[in-house]
>>> print(open('my_file-v2.pdb').read())   # PDB, C-alpha atoms
MODEL        1
ATOM      1  CA  MET A  21      98.561 -14.470 -82.451
ATOM      2  CA  THR A  22      96.459 -15.608 -85.403
ATOM      3  CA  ASP A  23      94.307 -13.304 -87.502
ATOM      4  CA  ASN A  24      91.240 -14.847 -85.985
ATOM      5  CA  ASN A  25      92.467 -14.061 -82.479
ATOM      6  CA  ALA A  26      93.285 -10.518 -83.553
ATOM      7  CA  PHE A  27      89.721 -10.091 -84.713
ATOM      8  CA  GLU A  28      88.402 -11.334 -81.401
ATOM      9  CA  GLN A  29      90.796  -9.043 -79.528
ATOM     10  CA  ILE A  30      89.447  -6.027 -81.395
ATOM     11  CA  ASP A  31      85.920  -7.071 -80.463
ATOM     12  CA  LEU A  32      86.878  -7.341 -76.822
ATOM     13  CA  ASP A  33      88.542  -3.935 -76.751
ATOM     14  CA  ALA A  34      85.460  -2.397 -78.331
ATOM     15  CA  LEU A  35      83.217  -4.095 -75.799
ATOM     16  CA  LEU A  36      85.387  -2.963 -72.902
ATOM     17  CA  GLU A  37      85.420   0.574 -74.238
ATOM     18  CA  GLN A  38      81.658   0.548 -74.536
ATOM     19  CA  GLU A  39      81.361  -0.795 -71.005
ATOM     20  CA  SER A  40      83.646   1.952 -69.731
ATOM     21  CA  LYS A  41      81.107   4.506 -70.970
ATOM     22  CA  VAL A  42      78.336   2.972 -68.889
ATOM     23  CA  VAL A  43      77.921   5.082 -65.761
ATOM     24  CA  VAL A  44      76.381   3.273 -62.839
ATOM     25  CA  GLN A  45      74.134   5.950 -61.406
ATOM     26  CA  PRO A  46      73.865   5.959 -57.632
ATOM     27  CA  SER A  47      70.382   6.214 -56.208
ATOM     28  CA  GLU A  48      69.222   9.379 -54.457
ATOM     29  CA  GLN A  49      69.036   7.399 -51.223
ATOM     30  CA  LEU A  50      72.660   6.343 -51.484
ATOM     31  CA  MET A  51      73.795   9.893 -52.217
ATOM     32  CA  SER A  52      71.865  11.267 -49.267
ATOM     33  CA  ARG A  53      73.226   8.531 -46.961
ATOM     34  CA  ILE A  54      76.790   9.370 -47.998
ATOM     35  CA  ILE A  55      76.217  13.104 -47.518
ATOM     36  CA  GLN A  56      74.662  12.440 -44.110
ATOM     37  CA  ASP A  57      77.755  10.430 -43.174
ATOM     38  CA  ALA A  58      79.953  13.296 -44.341
ATOM     39  CA  ASP A  59      77.997  15.891 -42.358
ATOM     40  CA  HIS A  60      77.942  13.722 -39.249
ATOM     41  CA  THR A  61      81.685  13.022 -39.478
ATOM     42  CA  ALA A  62      82.373  16.738 -40.047
ATOM     43  CA  ASP A  63      80.383  17.619 -36.919
ATOM     44  CA  GLN A  64      82.389  15.100 -34.907
ATOM     45  CA  LEU A  65      85.651  16.448 -36.297
ATOM     46  CA  ASN A  66      84.631  20.034 -35.571
ATOM     47  CA  SER A  67      83.728  19.253 -31.980
ATOM     48  CA  THR A  68      87.083  17.514 -31.545
ATOM     49  CA  LEU A  69      88.855  20.538 -33.010
ATOM     50  CA  ILE A  70      86.947  22.881 -30.701
ATOM     51  CA  ARG A  71      87.872  20.758 -27.693
ATOM     52  CA  ARG A  72      91.502  20.786 -28.770
ATOM     53  CA  THR A  73      91.663  24.547 -29.323
ATOM     54  CA  THR A  74      89.540  25.781 -26.384
ATOM     55  CA  PRO A  75      91.856  27.373 -23.763
ATOM     56  CA  ASP A  76      91.832  25.668 -20.401
ATOM     57  CA  THR A  77      89.612  27.562 -17.970
ATOM     58  CA  GLY A  78      89.994  25.160 -15.061
ATOM     59  CA  GLY A  79      89.871  26.320 -11.445
ATOM     60  CA  PHE A  80      92.638  27.511  -9.142
ATOM     61  CA  TRP A  81      93.831  24.041  -8.108
ATOM     62  CA  ARG A  82      93.840  22.862 -11.710
ATOM     63  CA  ARG A  83      96.021  25.807 -12.698
ATOM     64  CA  ILE A  84      98.339  25.023  -9.768
ATOM     65  CA  LEU A  85      98.499  21.405 -10.892
ATOM     66  CA  LEU A  86      99.324  22.407 -14.467
ATOM     67  CA  GLY A  87     101.858  24.970 -13.164
ATOM     68  CA  LEU A  88     103.659  22.215 -11.274
ATOM     69  CA  GLY A  89     103.835  20.085 -14.388
ATOM     70  CA  GLY A  90     100.720  17.971 -14.241
ATOM     71  CA  TRP A  91      99.846  14.723 -12.525
ATOM     72  CA  PRO A  92     103.237  12.991 -12.935
ATOM     73  CA  THR A  93     105.007  15.814 -11.109
ATOM     74  CA  PHE A  94     102.294  15.927  -8.491
ATOM     75  CA  ALA A  95     102.664  12.192  -7.878
ATOM     76  CA  GLY A  96     106.440  12.597  -7.449
ATOM     77  CA  LEU A  97     105.999  15.479  -4.997
ATOM     78  CA  THR A  98     103.455  13.511  -2.970
ATOM     79  CA  THR A  99     105.756  10.486  -2.793
ATOM     80  CA  ALA A 100     108.696  12.650  -1.671
ATOM     81  CA  THR A 101     106.553  14.362   0.978
ATOM     82  CA  LEU A 102     105.262  11.075   2.391
ATOM     83  CA  ALA A 103     108.768   9.633   2.401
ATOM     84  CA  GLY A 104     110.013  12.712   4.307
ATOM     85  CA  ILE A 105     107.266  12.420   6.891
ATOM     86  CA  TRP A 106     107.953   8.716   7.333
ATOM     87  CA  ILE A 107     111.707   9.250   7.754
ATOM     88  CA  GLY A 108     111.091  11.999  10.287
ATOM     89  CA  TYR A 109     108.585   9.960  12.240
ATOM     90  CA  ALA A 110     110.232   6.533  12.155
ATOM     91  CA  SER A 111     113.859   7.714  12.275
ATOM     92  CA  PRO A 112     115.317   4.429  10.991
ATOM     93  CA  ASP A 113     118.812   3.418  12.160
ATOM     94  CA  SER A 114     120.390   3.767   8.764
ATOM     95  CA  VAL A 115     119.413   7.449   8.632
ATOM     96  CA  SER A 116     120.882   8.218  12.039
ATOM     97  CA  THR A 117     123.995   6.276  11.032
ATOM     98  CA  LEU A 118     124.297   8.392   7.943
ATOM     99  CA  SER A 119     123.595  11.691   9.667
ATOM    100  CA  SER A 120     126.072  10.986  12.474
ATOM    101  CA  GLY A 121     128.565   9.882   9.856
ATOM    102  CA  LEU A 122     128.188  13.197   8.075
ATOM    103  CA  ILE A 123     128.274  15.305  11.222
ATOM    104  CA  ILE A 124     131.017  13.418  13.114
ATOM    105  CA  SER A 125     133.865  13.755  10.658
ATOM    106  CA  ASP A 126     136.414  10.964  11.259
ATOM    107  CA  ALA A 127     134.055   8.044  11.173
ATOM    108  CA  SER A 128     134.008   5.904   8.042
ATOM    109  CA  TYR A 129     131.346   3.442   7.011
ATOM    110  CA  GLU A 130     130.820   0.547   4.682
ATOM    111  CA  LEU A 131     127.742   0.229   2.519
ATOM    112  CA  ALA A 132     126.565  -2.589   4.797
ATOM    113  CA  ASP A 133     126.269  -0.099   7.644
ATOM    114  CA  PHE A 134     123.389   1.617   5.885
ATOM    115  CA  MET A 135     121.543  -1.598   5.100
ATOM    116  CA  PRO A 136     118.709  -2.714   7.398
ATOM    117  CA  VAL A 137     119.742  -5.552   9.666
ATOM    118  CA  PHE A 138     118.082  -8.924   9.399
ATOM    119  CA  SER A 139     116.517  -8.552  12.859
ATOM    120  CA  ASP A 140     114.441  -5.623  11.540
ATOM    121  CA  PHE A 141     112.710  -7.936   9.129
ATOM    122  CA  GLN A 142     112.201 -10.504  11.886
ATOM    123  CA  GLU A 143     110.456  -7.934  14.050
ATOM    124  CA  GLU A 144     108.110  -7.005  11.287
ATOM    125  CA  GLY A 145     107.193 -10.631  10.986
TER
ATOM    126  CA  MET B  16      82.533  28.044 -50.668
ATOM    127  CA  PRO B  17      79.727  27.876 -53.275
ATOM    128  CA  PHE B  18      79.164  24.388 -54.704
ATOM    129  CA  ASP B  19      79.644  25.504 -58.333
ATOM    130  CA  ALA B  20      83.056  26.931 -57.527
ATOM    131  CA  LEU B  21      84.248  23.499 -56.417
ATOM    132  CA  THR B  22      83.936  21.709 -59.741
ATOM    133  CA  GLU B  23      87.430  22.741 -60.843
ATOM    134  CA  VAL B  24      89.094  22.008 -57.520
ATOM    135  CA  SER B  25      91.215  18.853 -57.281
ATOM    136  CA  ASP B  26      90.078  15.877 -55.221
ATOM    137  CA  ASP B  27      92.771  16.205 -52.606
ATOM    138  CA  ALA B  28      92.205  19.947 -52.193
ATOM    139  CA  LEU B  29      88.528  19.226 -51.599
ATOM    140  CA  LEU B  30      89.377  16.515 -49.109
ATOM    141  CA  VAL B  31      91.693  18.825 -47.185
ATOM    142  CA  ALA B  32      88.984  21.506 -47.211
ATOM    143  CA  TYR B  33      86.527  18.990 -45.822
ATOM    144  CA  GLY B  34      89.059  17.969 -43.163
ATOM    145  CA  ASN B  35      89.110  21.636 -42.143
ATOM    146  CA  GLY B  36      85.348  21.663 -41.708
ATOM    147  CA  ASP B  37      84.020  22.600 -45.163
ATOM    148  CA  LYS B  38      80.949  20.413 -45.673
ATOM    149  CA  ALA B  39      80.352  21.709 -49.201
ATOM    150  CA  ALA B  40      83.657  20.129 -50.226
ATOM    151  CA  ALA B  41      82.344  16.736 -49.121
ATOM    152  CA  HIS B  42      79.177  17.239 -51.133
ATOM    153  CA  ALA B  43      81.244  17.987 -54.241
ATOM    154  CA  LEU B  44      83.425  14.916 -53.634
ATOM    155  CA  THR B  45      80.316  12.779 -53.172
ATOM    156  CA  GLN B  46      78.907  13.898 -56.512
ATOM    157  CA  ARG B  47      82.240  13.337 -58.215
ATOM    158  CA  LEU B  48      83.428  10.060 -56.732
ATOM    159  CA  THR B  49      80.358   8.037 -55.787
ATOM    160  CA  PRO B  50      79.352   7.017 -59.345
ATOM    161  CA  ARG B  51      82.896   5.818 -60.046
ATOM    162  CA  VAL B  52      83.216   3.937 -56.787
ATOM    163  CA  LEU B  53      79.770   2.421 -57.203
ATOM    164  CA  GLY B  54      80.524   1.344 -60.780
ATOM    165  CA  PHE B  55      83.741  -0.353 -59.747
ATOM    166  CA  ALA B  56      82.123  -2.124 -56.790
ATOM    167  CA  SER B  57      79.165  -3.116 -58.920
ATOM    168  CA  ARG B  58      81.388  -4.703 -61.562
ATOM    169  CA  MET B  59      83.422  -6.470 -58.916
ATOM    170  CA  LEU B  60      80.485  -7.812 -56.922
ATOM    171  CA  GLY B  61      77.771  -8.161 -59.567
ATOM    172  CA  ASP B  62      75.237  -7.076 -56.959
ATOM    173  CA  HIS B  63      73.969  -3.510 -56.928
ATOM    174  CA  ALA B  64      72.765  -3.495 -53.317
ATOM    175  CA  GLU B  65      76.078  -4.824 -52.040
ATOM    176  CA  ALA B  66      77.941  -2.390 -54.259
ATOM    177  CA  GLU B  67      75.978   0.478 -52.682
ATOM    178  CA  ASP B  68      76.962  -0.715 -49.200
ATOM    179  CA  VAL B  69      80.609  -0.884 -50.255
ATOM    180  CA  ALA B  70      80.452   2.572 -51.830
ATOM    181  CA  GLN B  71      78.948   4.065 -48.664
ATOM    182  CA  GLU B  72      81.527   2.369 -46.437
ATOM    183  CA  ALA B  73      84.413   3.477 -48.659
ATOM    184  CA  MET B  74      83.187   7.080 -48.685
ATOM    185  CA  LEU B  75      82.762   6.997 -44.898
ATOM    186  CA  ARG B  76      86.392   5.902 -44.562
ATOM    187  CA  LEU B  77      87.347   8.774 -46.831
ATOM    188  CA  TRP B  78      85.569  11.257 -44.544
ATOM    189  CA  LYS B  79      87.341   9.824 -41.523
ATOM    190  CA  ILE B  80      90.800  10.013 -43.084
ATOM    191  CA  ALA B  81      90.246  13.627 -44.228
ATOM    192  CA  PRO B  82      91.810  15.413 -41.207
ATOM    193  CA  ASP B  83      95.042  13.443 -41.688
ATOM    194  CA  TRP B  84      95.159  13.774 -45.472
ATOM    195  CA  ARG B  85      98.292  15.429 -46.814
ATOM    196  CA  GLN B  86      97.765  17.213 -50.076
ATOM    197  CA  GLY B  87      99.978  16.015 -52.913
ATOM    198  CA  GLU B  88     101.208  12.814 -51.272
ATOM    199  CA  ALA B  89      98.700  10.394 -52.802
ATOM    200  CA  LYS B  90      95.798  10.451 -55.227
ATOM    201  CA  VAL B  91      92.414  10.354 -53.573
ATOM    202  CA  THR B  92      91.027   8.055 -56.268
ATOM    203  CA  THR B  93      93.879   5.573 -55.867
ATOM    204  CA  TRP B  94      93.366   5.480 -52.098
ATOM    205  CA  LEU B  95      89.613   5.160 -52.494
ATOM    206  CA  TYR B  96      89.769   2.398 -55.104
ATOM    207  CA  ARG B  97      92.145   0.522 -52.861
ATOM    208  CA  VAL B  98      89.614   0.685 -50.037
ATOM    209  CA  VAL B  99      86.859  -0.446 -52.406
ATOM    210  CA  SER B 100      88.952  -3.311 -53.741
ATOM    211  CA  ASN B 101      89.677  -4.500 -50.182
ATOM    212  CA  LEU B 102      86.015  -4.260 -49.203
ATOM    213  CA  CYS B 103      84.973  -6.146 -52.348
ATOM    214  CA  THR B 104      87.590  -8.825 -51.770
ATOM    215  CA  ASP B 105      86.303  -9.325 -48.217
ATOM    216  CA  ARG B 106      82.743  -9.684 -49.434
ATOM    217  CA  LEU B 107      83.695 -12.008 -52.282
ATOM    218  CA  ARG B 108      85.573 -14.222 -49.840
ATOM    219  CA  LYS B 109      82.542 -14.391 -47.578
ATOM    220  CA  LYS B 110      80.151 -15.376 -50.313
ATOM    221  CA  ARG B 111      82.592 -17.717 -52.046
ATOM    222  CA  GLY B 112      80.779 -20.857 -53.100
ATOM    223  CA  VAL B 113      77.465 -19.097 -53.496
ATOM    224  CA  ALA B 114      76.546 -18.945 -57.171
ATOM    225  CA  LEU B 115      76.787 -15.489 -58.653
ATOM    226  CA  ASP B 116      73.284 -14.680 -59.718
ATOM    227  CA  GLU B 117      72.057 -12.678 -62.622
ATOM    228  CA  ILE B 118      73.518  -9.317 -63.542
ATOM    229  CA  ALA B 119      71.308  -6.259 -63.617
ATOM    230  CA  GLU B 120      69.828  -5.652 -67.021
ATOM    231  CA  PRO B 121      71.223  -2.720 -68.977
ATOM    232  CA  ALA B 122      69.264   0.431 -68.244
ATOM    233  CA  ASP B 123      68.527   1.378 -71.826
ATOM    234  CA  ASP B 124      65.825  -1.037 -73.004
ATOM    235  CA  LYS B 125      64.773  -0.601 -76.640
ATOM    236  CA  PRO B 126      63.072  -3.836 -77.743
ATOM    237  CA  SER B 127      62.293  -2.515 -81.195
ATOM    238  CA  ALA B 128      65.903  -1.797 -82.146
ATOM    239  CA  VAL B 129      67.682  -5.018 -83.124
ATOM    240  CA  ASP B 130      71.107  -3.393 -83.038
ATOM    241  CA  GLY B 131      70.398  -2.075 -79.585
ATOM    242  CA  MET B 132      69.414  -5.543 -78.457
ATOM    243  CA  ILE B 133      72.592  -7.034 -79.864
ATOM    244  CA  ASP B 134      74.659  -4.370 -78.120
ATOM    245  CA  GLN B 135      72.857  -5.081 -74.873
ATOM    246  CA  ALA B 136      73.381  -8.801 -75.279
ATOM    247  CA  ARG B 137      77.074  -8.243 -75.911
ATOM    248  CA  GLN B 138      77.451  -6.004 -72.872
ATOM    249  CA  LEU B 139      75.556  -8.519 -70.785
ATOM    250  CA  ALA B 140      77.801 -11.299 -72.075
ATOM    251  CA  LEU B 141      80.860  -9.211 -71.230
ATOM    252  CA  ARG B 142      79.635  -8.653 -67.676
ATOM    253  CA  GLN B 143      78.869 -12.324 -67.259
ATOM    254  CA  ALA B 144      82.307 -13.230 -68.570
ATOM    255  CA  LEU B 145      83.861 -10.677 -66.222
ATOM    256  CA  GLU B 146      82.060 -12.212 -63.269
ATOM    257  CA  LYS B 147      83.492 -15.614 -64.085
ATOM    258  CA  LEU B 148      87.072 -14.346 -63.982
ATOM    259  CA  PRO B 149      89.134 -14.916 -60.839
ATOM    260  CA  ASP B 150      88.768 -11.918 -58.507
ATOM    261  CA  ARG B 151      92.264 -10.498 -59.051
ATOM    262  CA  GLN B 152      92.063 -10.805 -62.831
ATOM    263  CA  ARG B 153      88.627  -9.172 -62.849
ATOM    264  CA  MET B 154      89.892  -6.346 -60.673
ATOM    265  CA  ALA B 155      92.888  -5.720 -62.920
ATOM    266  CA  VAL B 156      90.827  -5.805 -66.138
ATOM    267  CA  VAL B 157      88.106  -3.539 -64.745
ATOM    268  CA  LEU B 158      90.622  -1.029 -63.401
ATOM    269  CA  ARG B 159      92.671  -1.009 -66.605
ATOM    270  CA  HIS B 160      90.055  -1.159 -69.324
ATOM    271  CA  ILE B 161      86.884   0.182 -67.748
ATOM    272  CA  GLU B 162      88.059   2.587 -65.041
ATOM    273  CA  GLY B 163      90.999   3.750 -67.173
ATOM    274  CA  PHE B 164      93.762   3.419 -64.569
ATOM    275  CA  SER B 165      97.392   3.116 -65.626
ATOM    276  CA  ASN B 166      99.328  -0.014 -64.682
ATOM    277  CA  PRO B 167     101.367   1.768 -61.955
ATOM    278  CA  GLU B 168      98.118   3.104 -60.465
ATOM    279  CA  ILE B 169      96.592  -0.380 -60.511
ATOM    280  CA  ALA B 170      99.746  -1.673 -58.853
ATOM    281  CA  GLN B 171      99.156   0.808 -56.029
ATOM    282  CA  VAL B 172      95.479  -0.076 -55.722
ATOM    283  CA  MET B 173      96.131  -3.806 -55.691
ATOM    284  CA  ASP B 174      99.400  -3.632 -53.785
ATOM    285  CA  LEU B 175     101.249  -5.508 -56.525
ATOM    286  CA  GLY B 176     104.188  -4.939 -58.833
ATOM    287  CA  VAL B 177     103.549  -3.475 -62.271
ATOM    288  CA  GLU B 178     104.613  -6.716 -63.947
ATOM    289  CA  ALA B 179     102.127  -8.689 -61.902
ATOM    290  CA  VAL B 180      99.416  -6.250 -62.960
ATOM    291  CA  GLU B 181     100.349  -6.651 -66.614
ATOM    292  CA  SER B 182     100.256 -10.413 -66.255
ATOM    293  CA  LEU B 183      96.859 -10.350 -64.518
ATOM    294  CA  THR B 184      95.394  -8.024 -67.136
ATOM    295  CA  ALA B 185      96.704 -10.103 -70.023
ATOM    296  CA  ARG B 186      95.416 -13.344 -68.529
ATOM    297  CA  GLY B 187      92.089 -11.729 -67.749
ATOM    298  CA  LYS B 188      91.648 -10.468 -71.292
ATOM    299  CA  ARG B 189      92.614 -13.839 -72.709
ATOM    300  CA  ALA B 190      90.034 -15.534 -70.517
ATOM    301  CA  LEU B 191      87.401 -12.980 -71.535
ATOM    302  CA  SER B 192      88.187 -13.560 -75.206
ATOM    303  CA  GLN B 193      87.855 -17.294 -74.786
ATOM    304  CA  ALA B 194      84.575 -16.938 -72.932
ATOM    305  CA  LEU B 195      83.110 -14.632 -75.573
ATOM    306  CA  THR B 196      84.442 -16.595 -78.527
ATOM    307  CA  GLY B 197      82.207 -19.484 -77.566
ATOM    308  CA  ARG B 198      79.209 -17.164 -77.900
ATOM    309  CA  ARG B 199      80.117 -15.429 -81.141
ATOM    310  CA  ALA B 200      77.095 -16.656 -83.083
ATOM    311  CA  GLU B 201      74.725 -15.954 -80.207
ATOM    312  CA  LEU B 202      76.042 -12.411 -79.932
ATOM    313  CA  GLY B 203      75.772 -11.692 -83.640
ATOM    314  CA  TYR B 204      79.506 -11.627 -84.430
ATOM    315  CA  GLU B 205      79.196 -14.160 -87.260
ATOM    316  CA  ASN B 206      77.246 -11.580 -89.266
ATOM    317  CA  ASP B 207      79.770  -8.807 -88.456
ATOM    318  CA  GLY B 208      82.749 -10.841 -89.700
TER
ENDMDL
END
>>> encode(input="my_file-v2.pdb", output="structure tokens")
Amino acid sequence: MTDNNAFEQIDLDALLEQESKVVVQPSEQLMSRIIQDADHTADQLNSTLIRRTTPDTGGFWRRILLGLGGWPTFAGLTTATLAGIWIGYASPDSVSTLSSGLIISDASYELADFMPVFSDFQEEG
Amino acid sequence: MPFDALTEVSDDALLVAYGNGDKAAAHALTQRLTPRVLGFASRMLGDHAEAEDVAQEAMLRLWKIAPDWRQGEAKVTTWLYRVVSNLCTDRLRKKRGVALDEIAEPADDKPSAVDGMIDQARQLALRQALEKLPDRQRMAVVLRHIEGFSNPEIAQVMDLGVEAVESLTARGKRALSQALTGRRAELGYENDG
């Protein structure tokens, strides 16, 4: 670096230092807009916190539902119940095959015995 | 908490307090950070109205992040300047090709004082030269030499390595020097030397 460049460099550093002392003052309007944003956001956050921390005061059925484990458990129970009703009502062959196989001891079965036969599908169209 | 009692509290403690519902903490942070954020945005964009929009948006993002802020993990100013730099970059990209118009005149106007006028002219020339720098160089120079950030802090703000920051700053200063050298006589440096 030449002496001349060094001189210019010193000038630039001084200018930058002077510029760093210049404070860009925000307007009153900007400050009030930012504070309004802060207050509004705080209100939203507080209401979210209150919702999160408020104990559940739902009704009897809601407490039952939560006691069972919530909607996923309820859905599983409903499916099992409907399946039970359907099996009892329709009494498909494979179930009677299985039950007789369990009750009448010496009989043995292949997996194919519990599968629906092709004619069942034909009947259903 | 009374407002006066908050002046000694660190930025991240105030932000955590705000995240826990203390509005006074946000007021203290607004007073403390808005001038800095506005100054940075103003120097990056060269447009006071746009800089105000950026400052408001950056502060809004700060309020929203408050509940998730973990004290001691990051500096609030570094995070905030990073947001401002991203917002400025977006705006600069959008208005790329549009000529950067005049810079706001310095606030202190003393027409009778020749020295004051020369100082103002020099500051104005510096700002004009800054505006002509490529965005990344301008950002690095402003953060390093005007906002007073260290190189590792700038690296965090700009998402760069420290060496890249050093290179950007050096190139930026060289470009500024060249730009101002051409105006030495106009800015009264011939008489100084």
>>> resolve_selection(input="my_file-v2.pdb", expression="the PyMOL selection byres ((chain B and resi 181) around 12)", output="list in words")
Arg151, Gln152, Ala155, Val156, Leu158, Arg159, His160, Ser165, Asn166, Pro167, Glu168, Ile169, Ala170, Leu175, Gly176, Val177, Glu178, Ala179, Val180, Ser182, Leu183, Thr184, Ala185, Arg186, Gly187 and Lys188 of chain B
>>> atom_distance(input="my_file-v2.pdb", atom1="CA of Val172 (chain B)", atom2="CA of Tyr96 (chain B)")
6.3 Å
>>> residues_near_point(input="my_file-v2.pdb", point="(75.7, 4.7, -65.7)", cutoff="9 Å", atoms="all atoms listed in the file", output="PDB file with C-alpha atoms, in the frame of the given file")
ATOM      1  CA  LYS A  41      81.107   4.506 -70.970  1.00  0.00           C
ATOM      2  CA  VAL A  42      78.336   2.972 -68.889  1.00  0.00           C
ATOM      3  CA  VAL A  43      77.921   5.082 -65.761  1.00  0.00           C
ATOM      4  CA  VAL A  44      76.381   3.273 -62.839  1.00  0.00           C
ATOM      5  CA  GLN A  45      74.134   5.950 -61.406  1.00  0.00           C
ATOM      6  CA  PRO A  46      73.865   5.959 -57.632  1.00  0.00           C
TER       7      PRO A  46
ATOM      8  CA  PRO B  50      79.352   7.017 -59.345  1.00  0.00           C
ATOM      9  CA  GLY B  54      80.524   1.344 -60.780  1.00  0.00           C
ATOM     10  CA  ALA B 122      69.264   0.431 -68.244  1.00  0.00           C
TER      11      ALA B 122
END
>>> closest_residue(input="my_file-v2.pdb", among="B:Asp105, B:Asp83, B:Glu72, B:Asp134", to="Tyr33 (chain B)", atoms="only C-alpha atoms")
B:Asp83
>>> atom_distance(input="my_file-v2.pdb", atom1="CA of Ala43 (chain B)", atom2="CA of Leu29 (chain B)")
7.8 Å
>>> atom_distance(input="my_file-v2.pdb", atom1="CA of Glu39 (chain A)", atom2="CA of Leu141 (chain B)")
8.4 Å
>>> closest_atom_pairs(input="my_file-v2.pdb", of="chain A", to="chain B", cutoff="10 Å", atoms="all atoms listed in the file", output="Markdown table")
| residue | atom | partner | partner_atom | distance |
| --- | --- | --- | --- | --- |
| A:Asn25 | CA | B:Ser192 | CA | 8.5 |
| A:Phe27 | CA | B:Gly208 | CA | 8.6 |
| A:Glu28 | CA | B:Ser192 | CA | 6.6 |
| A:Gln29 | CA | B:Ser192 | CA | 6.8 |
| A:Ile30 | CA | B:Ser192 | CA | 9.8 |
| A:Asp31 | CA | B:Ser192 | CA | 8.7 |
| A:Leu32 | CA | B:Ser192 | CA | 6.6 |
| A:Asp33 | CA | B:His160 | CA | 8.1 |
| A:Leu35 | CA | B:Gln138 | CA | 6.7 |
| A:Leu36 | CA | B:His160 | CA | 6.2 |
| A:Glu37 | CA | B:Ile161 | CA | 6.7 |
| A:Gln38 | CA | B:Gln138 | CA | 8.0 |
| A:Glu39 | CA | B:Ile161 | CA | 6.5 |
| A:Ser40 | CA | B:Ile161 | CA | 4.2 |
| A:Lys41 | CA | B:Ile161 | CA | 7.9 |
| A:Val42 | CA | B:Gly54 | CA | 8.6 |
| A:Val43 | CA | B:Gly54 | CA | 6.7 |
| A:Val44 | CA | B:Gly54 | CA | 5.0 |
| A:Gln45 | CA | B:Pro50 | CA | 5.7 |
| A:Pro46 | CA | B:Pro50 | CA | 5.8 |
| A:Ser47 | CA | B:Glu67 | CA | 8.8 |
| A:Gln49 | CA | B:Glu67 | CA | 9.9 |
| A:Leu50 | CA | B:Glu67 | CA | 6.8 |
| A:Met51 | CA | B:Thr45 | CA | 7.2 |
| A:Ser52 | CA | B:Thr45 | CA | 9.4 |
| A:Arg53 | CA | B:Gln71 | CA | 7.5 |
| A:Ile54 | CA | B:Gln71 | CA | 5.8 |
| A:Ile55 | CA | B:His42 | CA | 6.2 |
| A:Gln56 | CA | B:His42 | CA | 9.6 |
| A:Asp57 | CA | B:Leu75 | CA | 6.3 |
| A:Ala58 | CA | B:Trp78 | CA | 6.0 |
| A:Asp59 | CA | B:Lys38 | CA | 6.3 |
| A:His60 | CA | B:Trp78 | CA | 9.6 |
| A:Thr61 | CA | B:Trp78 | CA | 6.6 |
| A:Ala62 | CA | B:Gly36 | CA | 6.0 |
| A:Asp63 | CA | B:Gly36 | CA | 8.0 |
| A:Gln64 | CA | B:Lys79 | CA | 9.8 |
| A:Leu65 | CA | B:Gly36 | CA | 7.5 |
| A:Asn66 | CA | B:Gly36 | CA | 6.4 |
| A:Leu69 | CA | B:Asn35 | CA | 9.2 |
>>> closest_residue(input="my_file-v2.pdb", among="B:Val24, B:Ala144, B:Val69, B:Ala136", to="Arg97 (chain B)", atoms="all atoms listed in the file")
B:Val69
